[in-house]
Structures are given as structure tokens and as C-alpha cells.
Amino acid sequence: MTVAFFSGSRRRAAVALGAVSAGLLVLSACDKPTPIATVTVGTDSIHSEAACYNDGEAIKESQIQQCLNKKAEKSITVAMDDKIRFGVDPEIADNGWTIFLGGQQAEPEPYKKTYRTIPASAFFSSQTGEATDKTQVTIVENTGKKLTGIWHFELKKES
């Protein structure tokens with residue numbers, strides 16, 4: 001003889017409660033995504049979340065050089081006469097951002113707009129003046145005093 005422990009409506013309520021609980025558990029395990037930086041050349045575009053990000057707080061001094069030296073995971077091919085468009089989320093622009101080349105700061109002051117265009121030719125000569133075939137470009141979110149986010153991209157010169 002089979003005995004039902006719960007009536008139909010109680011069973012449905014228990015299943016619904018279990019589903020809601022499981023859903024909340026899954027959502028609480030998710031990390032908040034970092035802001036996005038984008039590089040566009042012509043109609044091609046690549047975007048990336050931060051290689052290092054501390055939810056808008058300063059990255060620890062001990063981690064900065066390690067973060068700046070990480071290799072870019074995304075790359076895009078450019079011709080010397082192309083214009084490279086850099087775009088960042090508004091929260092990055094609010095703090096300010098600068099471009100680093102090969103791990104070294106390439107401009108003195110943080111830029112405060114979400115979008116800018118730079119000629120590709122500016123990225124393909126080394127510090128000694130020699131031509132290079134690829135270069136790592138790093139977008140660094142900073143307030144002028146502290147680094148809060150780092151995004152890496154590789155630019156490959158079209159052959």
C-alpha cells in the first residue's frame with residue numbers, strides 16, 4: 001500500500017522552494033564581471049575583461065608589475081595606415097585611463113573619455129626606433145595616483 005506523504009499542492013510548493021533556493025545559490029557563486037575595454041580596427045573588433053581588477057579599488061603594489069607583464073590573450077591585425085579605436089566602459093573613463101606599451105606608460109595624464117582614435121603607425125616602432133611586427137597595448141584604469149584595472153591587447157602588423 002502506498003501512502004502519499006504530501007498532497008499535490010504541498011509537493012509543488014516544496015519543489016518550487018527547492019528550485020528558488022538552488023537558483024539563489026548559483027547566482028551567489030557568480031563573480032561580478034569586470035568592466036570591458038575594446039579595440040576596433042576598421043570593422044574588426046576585440047574586447048576583453050580586465051586581466052587584473054580589484055572591483056574599483058587600488059591593485060596592490062606587489063601585484064602591479066606582474067599584472068602589467070601578463071601576455072595579451074586577444075590580438076587584432078592592423079595595417080600601418082589604419083586608425084585604432086580604443087573604447088572603455090564609462091566607469092573606467094570616470095576614473096581615467098592611460099595606454100601602456102610593452103608594460104611602460106606611454107602618456108603622462110589619464111584620459112577621461114570613453115573613446116579615442118590613434119593611428120596604427122604610433123604603435124609599431126620600438127624605443128630604439130626599430131620597426132616591430134607586433135606590440136602589446138595595455139589599457140590601465142587609474143586615478144593618477146592608483147591603478148585600479150589592467151586590460152591587455154596585442155596589435156599585429158599586417159604583412
# chains A, B, ... in the order shown; residues from 1 in each chain; ligands from 1
>>> select_by_dssp(residues="segment 21-154 of chain A", states="strand (DSSP E or B)", output="PyMOL selection string")
chain A and resi 36-41+44-49+52-53+75-78+83-88+97-101+104-105+111+115-119+125+131+134-142+147-154
>>> closest_atom_pairs(of="segment 34-60 of chain A", to="segment 74-94 of chain A", cutoff="7 Å", atoms="only C-alpha atoms", output="JSON lines")
{"residue": "A:Pro35", "atom": "CA", "partner": "A:Asp89", "partner_atom": "CA", "distance": 6.0}
{"residue": "A:Ile36", "atom": "CA", "partner": "A:Asp89", "partner_atom": "CA", "distance": 5.8}
{"residue": "A:Ala37", "atom": "CA", "partner": "A:Val88", "partner_atom": "CA", "distance": 4.5}
{"residue": "A:Thr38", "atom": "CA", "partner": "A:Gly87", "partner_atom": "CA", "distance": 5.0}
{"residue": "A:Val39", "atom": "CA", "partner": "A:Phe86", "partner_atom": "CA", "distance": 4.8}
{"residue": "A:Thr40", "atom": "CA", "partner": "A:Arg85", "partner_atom": "CA", "distance": 5.0}
{"residue": "A:Val41", "atom": "CA", "partner": "A:Ile84", "partner_atom": "CA", "distance": 5.2}
{"residue": "A:Ile46", "atom": "CA", "partner": "A:Lys74", "partner_atom": "CA", "distance": 6.9}
>>> closest_residue(among="A:Thr117, A:Thr132, A:Asn142, A:Gln105", to="Gly42 of chain A", atoms="only C-alpha atoms")
A:Thr117
>>> closest_residue(among="A:Thr98, A:Ser121, A:Ser48, A:Thr34", to="Lys146 of chain A", atoms="only C-alpha atoms")
A:Thr98
>>> atom_distance(atom1="atom CA of Ile64 of chain A", atom2="atom CA of Lys156 of chain A")
24.9 Å
>>> closest_residue(among="A:Ala72, A:Ile139, A:Leu147, A:Ile99", to="Glu57 of chain A", atoms="only C-alpha atoms")
A:Leu147
>>> atom_distance(atom1="atom CA of Glu141 of chain A", atom2="atom CA of Gly96 of chain A")
5.8 Å
>>> select_by_dssp(residues="segment 39-73 of chain A", states="helix (DSSP H, G or I)", output="list in words")
Glu61, Ser62, Gln63, Ile64, Gln65, Gln66, Cys67 and Leu68 of chain A
>>> atom_distance(atom1="atom CA of Tyr111 of chain A", atom2="atom CA of Thr143 of chain A")
9.8 Å
>>> residues_around(residues="Val137 of chain A", least_positions_apart="2", cutoff="6 Å", atoms="only C-alpha atoms", output="list in words")
Phe100, Leu101, His152, Phe153 and Glu154 of chain A
